[in-house]
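So the structure is just underneath, and the comments pick up after that.
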Amino acid sequence: MKPGHGEVVIAEGDVEVAADEARLVQQFRRQLDAGLWAAVPVEQENGRREAMMVRSFEEVPRDAERVIFFPRAAGG
Amino acid sequence: MVLALGVSTLVAIALIAEMLTPQLTEAWERHRARRRRVPEFSFDPGRERRAEQTARELLRSCVSDDEWAMYRELGLIRVWGKYPRAHAGGEYAYLIYPHKPIVAYEPQTGRLLGEHCVTFPDETRPYGSSRLPDSDDVLAKWMALTGDERRLIGEANMHLPGRQVDPAQITRDLWRLSRWEQARMRELAAELNVSSQSNES
């Protein structure tokens, strides 16, 4: 998410392909190092939708379609 | 005599230089700052509209159909609190508005509990502003609340109801929300009736 842009695709790839995974991990770390938060939208078995906050690439479910990065929260 | 005068002059020059150096340096820096080219970002309504459209699509793809309809029709999303025991055993929920505090309330009584003031500033300011599009702000709040409610509430500044959002407006929104839910339930019931009748026939 970016002001003036909305959604911006940072990287795409298949985690089952080693080269893709390495690139995704690199981009993931870069975003977190920049101070962003990361979340994976998930759907529960009862159909309820929610987000799963992740702090490392290992926490991202292998079947996740996407990870959304957004600026970290600050007291307003 | 000449030597003494020369030495005195040198000392005087050194002292004057010592006194004037900071002022000269500051004046030079000011001059350079005035001449420095500062990037200007003008508000571009087209760009902001496109950004908001992209943000709406992303929000729609993440939240449930009900939540999306709620946002589209009422301009807010309700998220249920996950820790009823922590709040005296009762249910509570949040109202998420774009670029306004998150409002906590008791659904059963309509009592307002507090405002959680939180922002998601992008300090890279790609177009001179740190402000996300409206729907991105809503999505950020939704993800942070549903993903880690305690962390988000911990980051937010909590205030009594009415500090930034007019309680009368929230009362109206809660009334609109209840009407909207009733209508939604009627629609679902009608759909169920139609599908059960078609199954019977």
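Naming works like this for the structure tokens: A, B, ... for the chains as they're shown, residue 1 at the start of each chain, ligands 1 onward in shown order.
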- [ ] Any chance you could list, as an MDAnalysis selection string, the residues in region 6-157 of chain B that come up strand (DSSP E or B) when DSSP is run on the backbone?
- [x] chainID B and resid 77:80 93:96 102:105 112:119 157
Keeping only N, CA and C atoms, write the selected residues as a PDB file, in the first residue's frame.
```pdb
ATOM      1  N   ILE B  77     -16.747  -0.349   8.539  1.00  0.00           N
ATOM      2  CA  ILE B  77     -16.729  -1.807   8.721  1.00  0.00           C
ATOM      3  C   ILE B  77     -16.734  -2.091  10.211  1.00  0.00           C
ATOM      4  N   ARG B  78     -17.584  -3.040  10.620  1.00  0.00           N
ATOM      5  CA  ARG B  78     -17.592  -3.450  12.023  1.00  0.00           C
ATOM      6  C   ARG B  78     -16.743  -4.703  12.177  1.00  0.00           C
ATOM      7  N   VAL B  79     -15.900  -4.695  13.194  1.00  0.00           N
ATOM      8  CA  VAL B  79     -15.077  -5.872  13.512  1.00  0.00           C
ATOM      9  C   VAL B  79     -15.361  -6.249  14.962  1.00  0.00           C
ATOM     10  N   TRP B  80     -15.649  -7.517  15.192  1.00  0.00           N
ATOM     11  CA  TRP B  80     -15.933  -7.958  16.564  1.00  0.00           C
ATOM     12  C   TRP B  80     -14.640  -8.066  17.357  1.00  0.00           C
ATOM     13  N   ALA B  93     -17.268  -4.483  20.067  1.00  0.00           N
ATOM     14  CA  ALA B  93     -16.899  -4.447  18.645  1.00  0.00           C
ATOM     15  C   ALA B  93     -16.277  -3.095  18.325  1.00  0.00           C
ATOM     16  N   TYR B  94     -15.715  -3.036  17.141  1.00  0.00           N
ATOM     17  CA  TYR B  94     -15.081  -1.792  16.691  1.00  0.00           C
ATOM     18  C   TYR B  94     -15.743  -1.327  15.403  1.00  0.00           C
ATOM     19  N   LEU B  95     -15.797  -0.026  15.232  1.00  0.00           N
ATOM     20  CA  LEU B  95     -16.206   0.554  13.951  1.00  0.00           C
ATOM     21  C   LEU B  95     -14.965   1.159  13.308  1.00  0.00           C
ATOM     22  N   ILE B  96     -14.719   0.726  12.078  1.00  0.00           N
ATOM     23  CA  ILE B  96     -13.560   1.247  11.345  1.00  0.00           C
ATOM     24  C   ILE B  96     -14.048   2.255  10.310  1.00  0.00           C
ATOM     25  N   ILE B 102     -10.574   4.448  15.480  1.00  0.00           N
ATOM     26  CA  ILE B 102     -11.387   3.243  15.586  1.00  0.00           C
ATOM     27  C   ILE B 102     -12.254   3.408  16.836  1.00  0.00           C
ATOM     28  N   VAL B 103     -13.551   3.192  16.672  1.00  0.00           N
ATOM     29  CA  VAL B 103     -14.470   3.409  17.795  1.00  0.00           C
ATOM     30  C   VAL B 103     -14.865   2.061  18.383  1.00  0.00           C
ATOM     31  N   ALA B 104     -14.653   1.893  19.683  1.00  0.00           N
ATOM     32  CA  ALA B 104     -15.059   0.666  20.364  1.00  0.00           C
ATOM     33  C   ALA B 104     -16.409   0.898  21.031  1.00  0.00           C
ATOM     34  N   TYR B 105     -17.285  -0.105  20.963  1.00  0.00           N
ATOM     35  CA  TYR B 105     -18.615   0.051  21.562  1.00  0.00           C
ATOM     36  C   TYR B 105     -19.170  -1.316  21.965  1.00  0.00           C
ATOM     37  N   LEU B 112     -20.806   3.596  23.950  1.00  0.00           N
ATOM     38  CA  LEU B 112     -19.490   3.817  23.359  1.00  0.00           C
ATOM     39  C   LEU B 112     -18.425   3.624  24.434  1.00  0.00           C
ATOM     40  N   LEU B 113     -17.367   2.900  24.076  1.00  0.00           N
ATOM     41  CA  LEU B 113     -16.326   2.581  25.055  1.00  0.00           C
ATOM     42  C   LEU B 113     -15.105   3.478  24.934  1.00  0.00           C
ATOM     43  N   GLY B 114     -14.768   3.853  23.713  1.00  0.00           N
ATOM     44  CA  GLY B 114     -13.585   4.693  23.555  1.00  0.00           C
ATOM     45  C   GLY B 114     -13.192   4.851  22.101  1.00  0.00           C
ATOM     46  N   GLU B 115     -12.283   5.767  21.892  1.00  0.00           N
ATOM     47  CA  GLU B 115     -11.728   5.970  20.556  1.00  0.00           C
ATOM     48  C   GLU B 115     -10.263   5.552  20.583  1.00  0.00           C
ATOM     49  N   HIS B 116      -9.882   4.730  19.617  1.00  0.00           N
ATOM     50  CA  HIS B 116      -8.486   4.327  19.495  1.00  0.00           C
ATOM     51  C   HIS B 116      -7.898   5.060  18.290  1.00  0.00           C
ATOM     52  N   CYS B 117      -7.082   6.059  18.599  1.00  0.00           N
ATOM     53  CA  CYS B 117      -6.541   6.897  17.524  1.00  0.00           C
ATOM     54  C   CYS B 117      -5.273   6.253  16.975  1.00  0.00           C
ATOM     55  N   VAL B 118      -5.320   5.908  15.712  1.00  0.00           N
ATOM     56  CA  VAL B 118      -4.182   5.231  15.099  1.00  0.00           C
ATOM     57  C   VAL B 118      -4.077   5.653  13.643  1.00  0.00           C
ATOM     58  N   THR B 119      -2.852   5.785  13.177  1.00  0.00           N
ATOM     59  CA  THR B 119      -2.626   6.121  11.768  1.00  0.00           C
ATOM     60  C   THR B 119      -1.603   5.150  11.197  1.00  0.00           C
ATOM     61  N   ASN B 157      -3.519   5.455  20.539  1.00  0.00           N
ATOM     62  CA  ASN B 157      -3.796   6.311  21.693  1.00  0.00           C
ATOM     63  C   ASN B 157      -5.281   6.202  22.000  1.00  0.00           C
TER      64      ASN B 157
END
```
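Within 9 Å of chain B, chain A contributes the residues Met1, Lys2, Pro3, Gly4, His5, Gly6, Glu7, Leu36, Trp37, Ala39, Val40, Pro41, Val42, Glu43, Gly47, Arg48, Arg49, Glu50, Ala51, Met52, Met53, Val54, Phe70, Pro71, Arg72, Ala73, Ala74, Gly75 and Gly76 of chain A, using only C-alpha atoms.
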With C-alpha atoms retained, export the selected residues as a PDB file, in the first residue's frame.
```pdb
ATOM      1  CA  MET A   1       0.000   0.000   0.000  1.00  0.00           C
ATOM      2  CA  LYS A   2       1.330   3.407  -0.931  1.00  0.00           C
ATOM      3  CA  PRO A   3      -0.019   6.938  -0.852  1.00  0.00           C
ATOM      4  CA  GLY A   4      -0.981   7.978  -4.368  1.00  0.00           C
ATOM      5  CA  HIS A   5      -0.696   4.405  -5.635  1.00  0.00           C
ATOM      6  CA  GLY A   6      -2.879   2.022  -3.705  1.00  0.00           C
ATOM      7  CA  GLU A   7      -1.661  -1.511  -4.220  1.00  0.00           C
ATOM      8  CA  LEU A  36       6.444  -2.149   7.279  1.00  0.00           C
ATOM      9  CA  TRP A  37       4.015  -4.646   8.766  1.00  0.00           C
ATOM     10  CA  ALA A  39      -0.251  -9.571   6.810  1.00  0.00           C
ATOM     11  CA  VAL A  40      -1.734 -12.543   5.003  1.00  0.00           C
ATOM     12  CA  PRO A  41      -5.487 -12.462   4.340  1.00  0.00           C
ATOM     13  CA  VAL A  42      -6.965 -15.845   5.303  1.00  0.00           C
ATOM     14  CA  GLU A  43     -10.371 -17.481   5.300  1.00  0.00           C
ATOM     15  CA  GLY A  47     -16.024 -18.716   6.048  1.00  0.00           C
ATOM     16  CA  ARG A  48     -14.955 -15.868   8.293  1.00  0.00           C
ATOM     17  CA  ARG A  49     -12.221 -13.726   6.816  1.00  0.00           C
ATOM     18  CA  GLU A  50      -9.405 -12.200   8.788  1.00  0.00           C
ATOM     19  CA  ALA A  51      -5.737 -11.350   8.523  1.00  0.00           C
ATOM     20  CA  MET A  52      -2.749 -13.134   9.924  1.00  0.00           C
ATOM     21  CA  MET A  53       0.099 -10.860  10.920  1.00  0.00           C
ATOM     22  CA  VAL A  54       3.500 -12.353  10.088  1.00  0.00           C
ATOM     23  CA  PHE A  70       1.520  -1.738   4.965  1.00  0.00           C
ATOM     24  CA  PRO A  71       2.969   1.070   7.090  1.00  0.00           C
ATOM     25  CA  ARG A  72       3.185   0.240  10.758  1.00  0.00           C
ATOM     26  CA  ALA A  73       0.635   1.730  13.107  1.00  0.00           C
ATOM     27  CA  ALA A  74       1.377   4.855  15.077  1.00  0.00           C
ATOM     28  CA  GLY A  75      -0.702   6.524  17.749  1.00  0.00           C
ATOM     29  CA  GLY A  76      -2.765   9.269  16.142  1.00  0.00           C
TER      30      GLY A  76
END
```
- [ ] For Asp14 (chain A), please output as a ChimeraX atom specification all residues within 10 Å (counting only C-alpha atoms; exclusion window: fewer than 2 positions along the same chain).
- [x] /A:12,16-21,23-24,62-63,65
TODO: Within region 81-158 of chain B, find each residue whose DSSP state, derived from the backbone, is alpha helix (DSSP H), and express the selection as a list of chain:residue names.
DONE: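 Checking each residue of region 81-158 of chain B, the alpha helix (DSSP H) ones are B:Asp134, B:Ser135, B:Asp136, B:Asp137, B:Val138, B:Leu139, B:Ala140, B:Lys141, B:Trp142, B:Met143, B:Ala144, B:Leu145, B:Thr146, B:Gly147, B:Glu149, B:Arg150, B:Arg151, B:Leu152, B:Ile153, B:Gly154, B:Glu155.
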Next, write the just-selected residues to a file, as a PDB file, in the first residue's frame, keeping N, CA and C atoms as the atom set.
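So the final result, stored in selection30.pdb, reads:
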```pdb
ATOM      1  N   ASP B 134      -8.137   6.165   1.248  1.00  0.00           N
ATOM      2  CA  ASP B 134      -9.147   5.839   2.267  1.00  0.00           C
ATOM      3  C   ASP B 134      -9.298   4.324   2.474  1.00  0.00           C
ATOM      4  N   SER B 135      -9.484   3.611   1.369  1.00  0.00           N
ATOM      5  CA  SER B 135      -9.751   2.173   1.499  1.00  0.00           C
ATOM      6  C   SER B 135      -8.517   1.412   1.984  1.00  0.00           C
ATOM      7  N   ASP B 136      -7.324   1.901   1.671  1.00  0.00           N
ATOM      8  CA  ASP B 136      -6.109   1.282   2.212  1.00  0.00           C
ATOM      9  C   ASP B 136      -6.037   1.493   3.721  1.00  0.00           C
ATOM     10  N   ASP B 137      -6.442   2.681   4.173  1.00  0.00           N
ATOM     11  CA  ASP B 137      -6.443   2.953   5.605  1.00  0.00           C
ATOM     12  C   ASP B 137      -7.406   2.009   6.324  1.00  0.00           C
ATOM     13  N   VAL B 138      -8.574   1.811   5.718  1.00  0.00           N
ATOM     14  CA  VAL B 138      -9.555   0.885   6.304  1.00  0.00           C
ATOM     15  C   VAL B 138      -9.000  -0.536   6.315  1.00  0.00           C
ATOM     16  N   LEU B 139      -8.373  -0.933   5.209  1.00  0.00           N
ATOM     17  CA  LEU B 139      -7.827  -2.288   5.142  1.00  0.00           C
ATOM     18  C   LEU B 139      -6.695  -2.488   6.153  1.00  0.00           C
ATOM     19  N   ALA B 140      -5.852  -1.477   6.300  1.00  0.00           N
ATOM     20  CA  ALA B 140      -4.756  -1.581   7.282  1.00  0.00           C
ATOM     21  C   ALA B 140      -5.333  -1.783   8.682  1.00  0.00           C
ATOM     22  N   LYS B 141      -6.379  -1.026   9.009  1.00  0.00           N
ATOM     23  CA  LYS B 141      -7.003  -1.177  10.332  1.00  0.00           C
ATOM     24  C   LYS B 141      -7.647  -2.555  10.459  1.00  0.00           C
ATOM     25  N   TRP B 142      -8.320  -2.964   9.407  1.00  0.00           N
ATOM     26  CA  TRP B 142      -9.000  -4.277   9.446  1.00  0.00           C
ATOM     27  C   TRP B 142      -7.975  -5.403   9.634  1.00  0.00           C
ATOM     28  N   MET B 143      -6.886  -5.347   8.884  1.00  0.00           N
ATOM     29  CA  MET B 143      -5.874  -6.414   8.997  1.00  0.00           C
ATOM     30  C   MET B 143      -5.224  -6.408  10.373  1.00  0.00           C
ATOM     31  N   ALA B 144      -4.878  -5.210  10.837  1.00  0.00           N
ATOM     32  CA  ALA B 144      -4.212  -5.133  12.135  1.00  0.00           C
ATOM     33  C   ALA B 144      -5.153  -5.564  13.265  1.00  0.00           C
ATOM     34  N   LEU B 145      -6.450  -5.219  13.148  1.00  0.00           N
ATOM     35  CA  LEU B 145      -7.407  -5.589  14.199  1.00  0.00           C
ATOM     36  C   LEU B 145      -7.702  -7.086  14.194  1.00  0.00           C
ATOM     37  N   THR B 146      -7.963  -7.622  13.004  1.00  0.00           N
ATOM     38  CA  THR B 146      -8.303  -9.047  12.948  1.00  0.00           C
ATOM     39  C   THR B 146      -7.057  -9.919  13.121  1.00  0.00           C
ATOM     40  N   GLY B 147      -5.903  -9.375  12.774  1.00  0.00           N
ATOM     41  CA  GLY B 147      -4.671 -10.169  12.863  1.00  0.00           C
ATOM     42  C   GLY B 147      -4.013 -10.112  14.226  1.00  0.00           C
ATOM     43  N   GLU B 149      -5.171  -7.891  17.400  1.00  0.00           N
ATOM     44  CA  GLU B 149      -5.946  -6.807  18.023  1.00  0.00           C
ATOM     45  C   GLU B 149      -5.170  -6.130  19.161  1.00  0.00           C
ATOM     46  N   ARG B 150      -4.540  -6.949  19.992  1.00  0.00           N
ATOM     47  CA  ARG B 150      -3.851  -6.382  21.157  1.00  0.00           C
ATOM     48  C   ARG B 150      -2.694  -5.473  20.751  1.00  0.00           C
ATOM     49  N   ARG B 151      -1.980  -5.903  19.711  1.00  0.00           N
ATOM     50  CA  ARG B 151      -0.842  -5.106  19.256  1.00  0.00           C
ATOM     51  C   ARG B 151      -1.312  -3.749  18.727  1.00  0.00           C
ATOM     52  N   LEU B 152      -2.386  -3.776  17.933  1.00  0.00           N
ATOM     53  CA  LEU B 152      -2.878  -2.521  17.358  1.00  0.00           C
ATOM     54  C   LEU B 152      -3.397  -1.593  18.448  1.00  0.00           C
ATOM     55  N   ILE B 153      -4.177  -2.156  19.362  1.00  0.00           N
ATOM     56  CA  ILE B 153      -4.738  -1.316  20.425  1.00  0.00           C
ATOM     57  C   ILE B 153      -3.612  -0.794  21.318  1.00  0.00           C
ATOM     58  N   GLY B 154      -2.566  -1.606  21.441  1.00  0.00           N
ATOM     59  CA  GLY B 154      -1.407  -1.154  22.221  1.00  0.00           C
ATOM     60  C   GLY B 154      -0.700   0.022  21.568  1.00  0.00           C
ATOM     61  N   GLU B 155      -0.683   0.032  20.242  1.00  0.00           N
ATOM     62  CA  GLU B 155      -0.015   1.129  19.521  1.00  0.00           C
ATOM     63  C   GLU B 155      -0.863   2.395  19.498  1.00  0.00           C
TER      64      GLU B 155
END
```
Open item on the list: Residues near Leu32 (chain A), anyone? I mean within 9 Å using only C-alpha atoms, not counting same-chain ones fewer than 5 positions away, as a ChimeraX atom specification.
Closed with: /A:27,37-38,55-56,69
Give me a file of those residues, with N, CA and C atoms, as a CSV table (one decimal), in the first residue's frame.
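Result file follows (selection.csv):
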```csv
chain,number,residue,atom,x,y,z
A,27,GLN,N,12.8,-9.9,-0.7
A,27,GLN,CA,11.9,-8.8,-0.8
A,27,GLN,C,11.1,-8.7,0.5
A,37,TRP,N,4.6,-3.5,8.2
A,37,TRP,CA,4.0,-4.6,8.8
A,37,TRP,C,3.6,-5.5,7.6
A,38,ALA,N,3.5,-6.8,7.9
A,38,ALA,CA,3.1,-7.8,6.8
A,38,ALA,C,1.9,-8.6,7.3
A,55,ARG,N,5.7,-12.1,11.0
A,55,ARG,CA,6.9,-11.3,11.3
A,55,ARG,C,8.1,-11.9,10.7
A,56,SER,N,8.0,-13.1,10.1
A,56,SER,CA,9.1,-13.7,9.3
A,56,SER,C,8.5,-14.5,8.2
A,69,PHE,N,1.9,-5.8,2.5
A,69,PHE,CA,2.8,-4.9,3.4
A,69,PHE,C,2.1,-3.6,3.5
```
Task: d(CA of Met70 (chain B), CA of Glu187 (chain B)) in Å - done: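 Taking CA of Met70 (chain B) and CA of Glu187 (chain B), their separation equals 14.3 Å.
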- [ ] Tell me, in Å to one decimal, how far CA of Glu181 (chain B) is from CA of Lys82 (chain B).
- [x] 20.6 Å
